[in-house]
$ cat target_0.cif   # mmCIF, C-alpha atoms
data_coords
loop_
_atom_site.label_atom_id
_atom_site.label_comp_id
_atom_site.auth_asym_id
_atom_site.auth_seq_id
_atom_site.Cartn_x
_atom_site.Cartn_y
_atom_site.Cartn_z
CA MET K 958 42.56 -105.71 -3.83
CA ASP K 959 41.99 -109.27 -5.05
CA PRO K 960 38.28 -110.20 -4.54
CA LYS K 961 39.31 -113.50 -2.92
CA LEU K 962 41.52 -111.67 -0.45
CA THR K 963 38.73 -109.18 0.29
CA GLU K 964 36.27 -111.97 0.95
CA ALA K 965 38.73 -113.81 3.22
CA SER K 966 39.43 -110.60 5.15
CA GLN K 967 35.69 -110.05 5.67
CA PHE K 968 35.22 -113.61 6.88
CA PHE K 969 38.12 -113.15 9.26
CA GLU K 970 36.48 -110.08 10.79
CA ARG K 971 33.32 -112.12 11.33
CA PHE K 972 35.41 -114.90 12.85
CA LYS K 973 37.08 -112.51 15.32
CA ALA K 974 33.69 -111.06 16.28
CA ALA K 975 32.36 -114.58 16.93
CA CYS K 976 35.41 -115.31 19.10
CA ILE K 977 34.75 -112.17 21.16
CA ARG K 978 31.13 -113.30 21.61
CA GLU K 979 32.47 -116.76 22.52
CA ASP K 980 30.10 -118.30 19.99
CA VAL K 981 32.02 -121.56 19.54
CA ASP K 982 29.72 -123.03 16.88
CA ASP K 983 29.92 -119.92 14.70
CA CYS K 984 33.70 -119.73 15.23
CA SER K 985 34.17 -123.34 14.10
CA LYS K 986 32.06 -122.86 10.96
CA LEU K 987 33.80 -119.63 9.99
CA LEU K 988 37.23 -121.13 10.66
CA SER K 989 36.48 -124.07 8.38
CA SER K 990 35.42 -121.66 5.62
CA LEU K 991 38.54 -119.55 6.12
CA LYS K 992 40.85 -122.55 5.84
CA VAL K 993 39.22 -123.47 2.53
CA MET K 994 39.66 -119.90 1.28
CA LEU K 995 43.35 -119.95 2.17
CA THR K 996 43.92 -122.84 -0.25
CA GLU K 997 43.28 -120.36 -3.09
CA PHE K 998 46.40 -118.32 -2.25
CA ASN K 999 49.58 -119.59 -3.91
CA SER K 1000 51.70 -117.25 -1.80
CA LEU K 1001 51.11 -119.42 1.27
CA PRO K 1002 53.11 -122.50 2.36
CA PRO K 1003 54.31 -124.70 0.83
CA LEU K 1004 54.39 -122.81 -2.50
CA PHE K 1005 55.41 -119.33 -1.30
CA GLU K 1006 54.90 -117.81 -4.76
CA GLN K 1007 55.73 -114.11 -5.16
CA THR K 1008 52.21 -112.90 -5.93
CA PRO K 1009 51.26 -109.17 -5.90
CA ASN K 1010 49.39 -109.58 -2.59
CA ALA K 1011 51.81 -112.08 -1.03
CA ILE K 1012 52.59 -110.08 2.12
CA HIS K 1013 48.93 -109.30 2.78
CA GLU K 1014 47.92 -112.92 2.21
CA LEU K 1015 50.70 -114.29 4.43
CA THR K 1016 49.81 -111.86 7.22
CA LEU K 1017 46.11 -112.71 7.00
CA ALA K 1018 46.80 -116.46 7.03
CA ARG K 1019 49.11 -116.12 10.03
CA ASP K 1020 46.49 -114.13 11.93
CA ILE K 1021 43.83 -116.73 11.12
CA TYR K 1022 45.94 -119.63 12.39
CA GLU K 1023 46.93 -117.71 15.51
CA HIS K 1024 43.27 -117.17 16.33
CA ALA K 1025 42.59 -120.84 15.54
CA VAL K 1026 45.26 -121.91 18.07
CA LEU K 1027 43.81 -119.63 20.74
CA LEU K 1028 40.29 -120.90 19.99
CA SER K 1029 41.47 -124.49 20.50
CA VAL K 1030 42.78 -123.51 23.95
CA LYS K 1031 39.50 -121.80 24.83
CA ILE K 1032 37.47 -124.92 23.95
CA GLY K 1033 40.05 -127.31 25.43
CA ASP K 1034 40.82 -129.24 22.22
CA GLN K 1035 44.46 -130.37 22.30
CA GLU K 1036 44.25 -132.18 18.96
CA ALA K 1037 43.00 -129.01 17.25
CA PHE K 1038 45.77 -127.05 18.98
CA GLU K 1039 48.46 -129.35 17.60
CA ARG K 1040 46.95 -129.35 14.12
CA ASP K 1041 46.55 -125.56 13.96
CA PHE K 1042 49.95 -124.91 15.54
CA PHE K 1043 51.74 -126.95 12.88
CA GLN K 1044 49.85 -125.06 10.19
CA LEU K 1045 50.90 -121.79 11.84
CA LYS K 1046 54.55 -122.65 12.48
CA PRO K 1047 55.82 -122.05 8.89
CA TYR K 1048 54.68 -118.43 9.19
CA TYR K 1049 57.06 -118.02 12.14
CA THR K 1050 59.95 -119.88 10.51
CA ASP K 1051 59.87 -120.06 6.71
CA ALA K 1052 58.02 -116.74 6.25
CA GLY K 1053 59.50 -115.09 9.33
CA ASN K 1054 61.97 -112.97 7.33
CA ARG K 1055 59.20 -111.63 5.06
CA LEU K 1056 56.70 -110.52 7.72
CA PRO K 1057 56.84 -108.22 10.73
CA GLN K 1058 56.96 -110.30 13.90
CA SER K 1059 53.56 -111.11 15.36
CA SER K 1060 52.87 -109.75 18.85
CA GLN K 1061 51.42 -113.16 19.73
CA GLU K 1062 54.30 -115.33 18.49
CA TYR K 1063 56.15 -115.90 21.77
CA MET K 1064 52.92 -116.36 23.69
CA ILE K 1065 51.78 -119.10 21.29
CA LEU K 1066 55.22 -120.75 21.26
CA GLY K 1067 55.04 -120.79 25.06
CA LEU K 1068 51.59 -122.39 24.90
CA ASN K 1069 52.97 -125.12 22.65
CA LEU K 1070 55.80 -125.82 25.10
CA LEU K 1071 53.23 -126.13 27.89
CA ARG K 1072 51.20 -128.55 25.78
CA LEU K 1073 54.25 -130.77 25.22
CA LEU K 1074 55.01 -130.67 28.95
CA VAL K 1075 51.44 -131.63 29.88
CA GLN K 1076 51.58 -134.53 27.41
CA ASN K 1077 54.96 -135.60 28.84
CA ARG K 1078 56.62 -135.20 25.42
CA ILE K 1079 59.88 -134.03 26.95
CA ALA K 1080 62.12 -134.87 23.98
CA GLU K 1081 59.93 -132.77 21.66
CA PHE K 1082 59.88 -130.02 24.31
CA HIS K 1083 63.67 -129.75 24.16
CA THR K 1084 63.70 -130.01 20.37
CA GLU K 1085 61.38 -127.01 20.15
CA LEU K 1086 63.58 -125.10 22.60
CA GLU K 1087 66.68 -125.70 20.47
CA LEU K 1088 64.93 -124.12 17.48
CA LEU K 1089 64.24 -120.87 19.32
CA SER K 1090 66.41 -117.77 19.02
CA PRO K 1091 68.28 -116.32 22.03
CA ALA K 1092 65.78 -113.45 22.05
CA ALA K 1093 62.88 -115.90 22.27
CA LEU K 1094 64.49 -117.77 25.15
CA GLU K 1095 64.58 -114.53 27.14
CA ASN K 1096 60.88 -113.87 26.61
CA PRO K 1097 58.75 -114.34 29.78
CA CYS K 1098 56.35 -116.72 27.99
CA ILE K 1099 59.19 -119.06 27.02
CA LYS K 1100 61.04 -118.71 30.33
CA HIS K 1101 57.85 -119.60 32.21
CA ALA K 1102 57.59 -122.92 30.32
CA VAL K 1103 61.30 -123.68 30.78
CA GLU K 1104 61.14 -123.05 34.55
CA LEU K 1105 58.07 -125.27 34.79
CA GLU K 1106 59.84 -128.11 33.00
CA GLN K 1107 62.84 -127.81 35.32
CA SER K 1108 60.61 -127.85 38.41
CA PHE K 1109 58.67 -130.83 37.05
CA MET K 1110 61.84 -132.82 36.35
CA GLU K 1111 63.23 -131.99 39.80
CA GLY K 1112 60.02 -133.15 41.46
CA ALA K 1113 59.45 -129.66 42.89
CA TYR K 1114 55.71 -130.06 42.47
CA ASN K 1115 54.87 -127.19 44.82
CA ARG K 1116 56.66 -124.82 42.44
CA VAL K 1117 54.75 -126.27 39.50
CA LEU K 1118 51.40 -125.67 41.16
CA SER K 1119 52.26 -122.20 42.45
CA ALA K 1120 53.42 -121.18 38.96
CA LYS K 1121 49.77 -120.73 37.97
CA GLN K 1122 49.77 -117.53 39.99
CA THR K 1123 52.47 -116.03 37.77
CA VAL K 1124 51.37 -117.04 34.26
CA PRO K 1125 52.35 -114.42 31.67
CA TYR K 1126 49.06 -114.85 29.83
CA LYS K 1127 45.60 -115.86 31.10
CA GLY K 1128 45.18 -118.37 28.27
CA TYR K 1129 47.90 -120.46 29.95
CA ASP K 1130 45.42 -121.42 32.71
CA TYR K 1131 44.02 -124.31 30.63
CA PHE K 1132 47.36 -126.09 30.34
CA MET K 1133 48.35 -125.15 33.90
CA ASP K 1134 45.20 -126.87 35.21
CA LEU K 1135 46.07 -129.97 33.17
CA LEU K 1136 49.63 -129.88 34.47
CA ALA K 1137 48.35 -129.62 38.06
CA LYS K 1138 46.24 -132.74 37.48
CA THR K 1139 49.27 -134.55 36.02
CA VAL K 1140 51.30 -133.63 39.10
CA ARG K 1141 48.62 -134.81 41.52
CA ASP K 1142 48.12 -138.05 39.60
CA GLU K 1143 51.87 -138.68 39.89
CA ILE K 1144 51.79 -137.99 43.64
CA SER K 1145 48.70 -140.19 44.06
CA GLY K 1146 50.33 -143.14 42.32
CA CYS K 1147 53.40 -142.87 44.55
CA SER K 1148 51.34 -142.39 47.72
CA GLU K 1149 49.19 -145.49 47.35
CA LYS K 1150 52.30 -147.60 46.73
CA ALA K 1151 54.23 -146.14 49.67
CA TYR K 1152 51.48 -146.09 52.33
CA ASP K 1153 48.58 -148.23 53.48
CA TYR K 1154 46.80 -145.14 54.77
CA LEU K 1155 47.27 -141.44 55.54
CA SER K 1156 45.34 -138.96 57.61
CA LEU K 1157 43.21 -136.63 55.53
CA ASN K 1158 45.40 -133.73 56.61
CA ASP K 1159 48.57 -135.53 55.50
CA ALA K 1160 46.91 -136.51 52.22
CA ARG K 1161 45.90 -132.88 51.66
CA GLN K 1162 49.47 -131.70 52.21
CA MET K 1163 50.85 -134.50 50.06
CA LEU K 1164 48.50 -133.65 47.19
CA LEU K 1165 49.15 -129.92 47.66
CA PHE K 1166 45.52 -128.90 48.11
CA PRO K 1167 44.63 -125.78 50.13
CA SER K 1168 41.58 -127.37 51.80
CA ASP K 1169 40.16 -130.74 52.92
CA ASN K 1170 37.07 -130.23 50.76
CA GLU K 1171 39.16 -129.94 47.59
CA THR K 1172 41.10 -133.04 48.62
CA LEU K 1173 37.90 -135.03 49.16
CA GLN K 1174 36.50 -133.84 45.84
CA TYR K 1175 39.68 -134.92 44.05
CA ILE K 1176 39.57 -138.35 45.71
CA LYS K 1177 35.90 -138.77 44.83
CA GLU K 1178 36.46 -137.92 41.16
CA GLU K 1179 39.88 -139.44 40.50
CA HIS K 1180 40.28 -142.25 43.06
CA PRO K 1181 36.90 -143.70 44.05
CA GLU K 1182 38.71 -146.90 45.05
CA TRP K 1183 40.27 -145.11 48.02
CA GLU K 1184 38.27 -145.27 51.26
CA ILE K 1185 37.73 -142.43 53.72
CA LYS K 1186 37.26 -143.66 57.31
CA ASN K 1187 37.16 -141.36 60.33
CA GLY K 1188 39.37 -138.73 58.72
CA VAL K 1189 41.79 -141.30 57.30
CA VAL K 1190 42.43 -142.08 53.62
CA VAL K 1191 42.88 -145.85 53.21
CA PHE K 1192 44.85 -147.05 50.18
CA GLN K 1193 44.87 -150.76 51.05
CA LYS K 1194 41.66 -151.44 49.12
CA ALA K 1195 43.29 -150.02 45.98
CA LYS K 1196 46.31 -152.24 46.55
CA ASP K 1197 44.17 -155.32 47.07
CA SER K 1198 42.16 -154.69 43.92
CA ALA K 1199 45.26 -154.24 41.76
CA PRO K 1200 46.27 -157.41 39.90
CA CYS K 1201 49.43 -159.01 41.22
CA LYS K 1202 52.09 -159.32 38.52
CA GLU K 1203 54.62 -162.00 39.35
CA ILE K 1204 57.95 -162.02 37.58
CA PRO K 1205 58.30 -165.25 35.57
CA SER K 1206 61.76 -165.89 37.01
CA LEU K 1207 62.25 -169.41 35.60
CA GLN K 1208 61.28 -168.26 32.12
CA LEU K 1209 63.68 -165.31 32.35
CA ILE K 1210 66.52 -167.57 33.51
CA ASN K 1211 65.95 -169.96 30.61
CA GLN K 1212 65.85 -167.11 28.10
CA THR K 1213 69.04 -165.58 29.51
CA LEU K 1214 70.87 -168.91 29.34
CA SER K 1215 69.63 -169.41 25.80
CA TYR K 1216 70.93 -165.97 24.77
CA ALA K 1217 74.27 -166.72 26.42
CA ARG K 1218 74.61 -170.01 24.52
CA GLU K 1219 73.78 -168.27 21.23
CA LEU K 1220 76.34 -165.54 21.88
CA GLU K 1221 78.99 -168.12 22.75
CA ARG K 1222 78.23 -170.06 19.56
CA ILE K 1223 78.45 -166.92 17.43
CA VAL K 1224 81.77 -165.86 19.01
#
$ encode --input "target_0.cif" --output "structure tokens"
Amino acid sequence: MDPKLTEASQFFERFKAACIREDVDDCSKLLSSLKVMLTEFNSLPPLFEQTPNAIHELTLARDIYEHAVLLSVKIGDQEAFERDFFQLKPYYTDAGNRLPQSSQEYMILGLNLLRLLVQNRIAEFHTELELLSPAALENPCIKHAVELEQSFMEGAYNRVLSAKQTVPYKGYDYFMDLLAKTVRDEISGCSEKAYDYLSLNDARQMLLFPSDNETLQYIKEEHPEWEIKNGVVVFQKAKDSAPCKEIPSLQLINQTLSYARELERIV
């Protein structure tokens, strides 16, 4: 075997062992070294040269980037996830017909769909879906993300939150927690615009929390401007503190008339 490939394989084993130990610092250092080593292999994207060890090198590189994606989820680094996922994706697409399918492919594709949903990148979410094969769309990891997106778009927030109980892979919990926060932030914004106050019990049901304590903790951390008085959540203070944005009606009228005159002159 090529000495460079042997060395990279040995580093990868050390990297996997560090991941099992959950030694994040060691994982990050080893991953950086591995990525440098991969630049020595011409069989990898974008060159895809037919070297004697091409299949072994492609498989090793794919495994490394898969572990890198999963590490980014474990440490909660969405930027690293996006970066590593785009480095991994060519091994699923461009090299997909040269390698046996990875057992983690659909799970990681599902994680990426969840990330796009959490970041409200719905157009990219649907673009990624269109690139998937019919077999992939039937996979539980992909179906879970699709059902979440449908529930989110329908405003069925209770289904979104309860979906955490049926995740196909434990690593999905990170993005599910972020999605739950996104949902509650959306509900909070609507609630403080629609009501002057709500009872704590009504606020708890509105925010879909199982207990008053969790509701109070959420309010304390995310909405310190809300007031709690005698079991009532008061939004008025938040409304009063928000700057009032008046519509410059006269300016808009003048602009509209000016556009109309220009259009008439052109015609």
$ residues_around --input "target_0.cif" --residues "Ser966 of chain K" --least-positions-apart "5" --cutoff "12 Å" --atoms "only C-alpha atoms" --output "short mmCIF file (atom, residue, chain, number, x, y, z; two decimals) with C-alpha atoms, keeping the file's coordinate frame"
data_model
loop_
_atom_site.label_atom_id
_atom_site.label_comp_id
_atom_site.auth_asym_id
_atom_site.auth_seq_id
_atom_site.Cartn_x
_atom_site.Cartn_y
_atom_site.Cartn_z
CA MET K 958 42.56 -105.71 -3.83
CA ASP K 959 41.99 -109.27 -5.05
CA PRO K 960 38.28 -110.20 -4.54
CA LYS K 961 39.31 -113.50 -2.92
CA ARG K 971 33.32 -112.12 11.33
CA PHE K 972 35.41 -114.90 12.85
CA LYS K 973 37.08 -112.51 15.32
CA LEU K 987 33.80 -119.63 9.99
CA SER K 990 35.42 -121.66 5.62
CA LEU K 991 38.54 -119.55 6.12
CA MET K 994 39.66 -119.90 1.28
CA LEU K 995 43.35 -119.95 2.17
CA HIS K 1013 48.93 -109.30 2.78
CA GLU K 1014 47.92 -112.92 2.21
CA LEU K 1015 50.70 -114.29 4.43
CA THR K 1016 49.81 -111.86 7.22
CA LEU K 1017 46.11 -112.71 7.00
CA ALA K 1018 46.80 -116.46 7.03
CA ASP K 1020 46.49 -114.13 11.93
CA ILE K 1021 43.83 -116.73 11.12
#
$ resolve_selection --input "target_0.cif" --expression "the PyMOL selection byres ((chain K and resi 1186) around 12)" --output "list in words"
Tyr1154, Leu1155, Ser1156, Leu1157, Leu1173, Trp1183, Glu1184, Ile1185, Asn1187, Gly1188, Val1189, Val1190, Val1191 and Phe1192 of chain K
$ write_last_selection --input "target_0.cif" --atoms "C-alpha atoms" --output "JSON list (two decimals), in the coordinates of the input"
[["chain", "number", "residue", "atom", "x", "y", "z"],
["K", 1154, "TYR", "CA", 46.80, -145.14, 54.77],
["K", 1155, "LEU", "CA", 47.27, -141.44, 55.54],
["K", 1156, "SER", "CA", 45.34, -138.96, 57.61],
["K", 1157, "LEU", "CA", 43.21, -136.63, 55.53],
["K", 1173, "LEU", "CA", 37.90, -135.03, 49.16],
["K", 1183, "TRP", "CA", 40.27, -145.11, 48.02],
["K", 1184, "GLU", "CA", 38.27, -145.27, 51.26],
["K", 1185, "ILE", "CA", 37.73, -142.43, 53.72],
["K", 1187, "ASN", "CA", 37.16, -141.36, 60.33],
["K", 1188, "GLY", "CA", 39.37, -138.73, 58.72],
["K", 1189, "VAL", "CA", 41.79, -141.30, 57.30],
["K", 1190, "VAL", "CA", 42.43, -142.08, 53.62],
["K", 1191, "VAL", "CA", 42.88, -145.85, 53.21],
["K", 1192, "PHE", "CA", 44.85, -147.05, 50.18]]
$ closest_residue --input "target_0.cif" --among "K:Leu1089, K:Pro1002, K:Asp983, K:Val993" --to "Ala965 of chain K" --atoms "all atoms listed in the file"
K:Val993
$ closest_residue --input "target_0.cif" --among "K:Lys1121, K:Lys1046, K:His1101, K:His1180" --to "Arg1141 of chain K" --atoms "only C-alpha atoms"
K:His1180
$ axis_aligned_box --input "target_0.cif" --around "segment 1056-1066 of chain K" --padding-each-side "8 Å" --output "AutoDock Vina command-line options"
--center_x 54.2 --center_y -114.5 --center_z 15.7 --size_x 21.5 --size_y 28.5 --size_z 32.0
$ resolve_selection --input "target_0.cif" --expression "the PyMOL selection byres ((chain K and resi 1022) around 8)" --output "CSV table (one decimal) with C-alpha atoms, in the coordinates of the input"
chain,number,residue,atom,x,y,z
K,1018,ALA,CA,46.8,-116.5,7.0
K,1019,ARG,CA,49.1,-116.1,10.0
K,1020,ASP,CA,46.5,-114.1,11.9
K,1021,ILE,CA,43.8,-116.7,11.1
K,1023,GLU,CA,46.9,-117.7,15.5
K,1024,HIS,CA,43.3,-117.2,16.3
K,1025,ALA,CA,42.6,-120.8,15.5
K,1026,VAL,CA,45.3,-121.9,18.1
K,1041,ASP,CA,46.6,-125.6,14.0
K,1042,PHE,CA,50.0,-124.9,15.5
K,1044,GLN,CA,49.8,-125.1,10.2
K,1045,LEU,CA,50.9,-121.8,11.8
$ residues_near_point --input "target_0.cif" --point "(49.4, -122.9, 37.2)" --cutoff "8 Å" --atoms "all atoms listed in the file" --output "list in words"
Val1117, Leu1118, Ser1119, Ala1120, Lys1121, Gln1122, Thr1123, Val1124, Tyr1129, Asp1130, Phe1132, Met1133, Asp1134, Leu1136 and Ala1137 of chain K
$ atom_distance --input "target_0.cif" --atom1 "atom CA of Leu1088 of chain K" --atom2 "atom CA of Met1110 of chain K"
21.0 Å
$ closest_residue --input "target_0.cif" --among "K:Ala1011, K:Leu988, K:Ile977, K:Leu1056" --to "Leu962 of chain K" --atoms "all atoms listed in the file"
K:Ala1011
$ atom_distance --input "target_0.cif" --atom1 "atom CA of Gly1067 of chain K" --atom2 "atom CA of Ala1102 of chain K"
6.2 Å
$ atom_distance --input "target_0.cif" --atom1 "atom CA of Thr996 of chain K" --atom2 "atom CA of Arg1055 of chain K"
19.7 Å
$ resolve_selection --input "target_0.cif" --expression "the PyMOL selection byres ((chain K and resi 1029) around 10)" --output "list in words"
Val981, Ser985, His1024, Ala1025, Val1026, Leu1027, Leu1028, Val1030, Lys1031, Ile1032, Gly1033, Asp1034, Gln1035, Glu1036, Ala1037, Phe1038, Glu1039, Arg1040, Asp1041 and Phe1042 of chain K
$ residues_around --input "target_0.cif" --residues "Asp1169 of chain K" --least-positions-apart "5" --cutoff "9 Å" --atoms "all atoms listed in the file" --output "JSON, numbers by chain"
{"K": [1157, 1158, 1160, 1161, 1174]}
$ closest_residue --input "target_0.cif" --among "K:Tyr1114, K:Leu1135, K:Asn1096, K:Ser1090" --to "Leu1071 of chain K" --atoms "only C-alpha atoms"
K:Leu1135
$ closest_residue --input "target_0.cif" --among "K:Asn1170, K:Ser1000, K:Thr1008, K:Asn1077" --to "Tyr1048 of chain K" --atoms "all atoms listed in the file"
K:Ser1000
$ closest_residue --input "target_0.cif" --among "K:Leu1004, K:Ile1012, K:Cys984, K:Ala1151" --to "Gly1053 of chain K" --atoms "only C-alpha atoms"
K:Ile1012
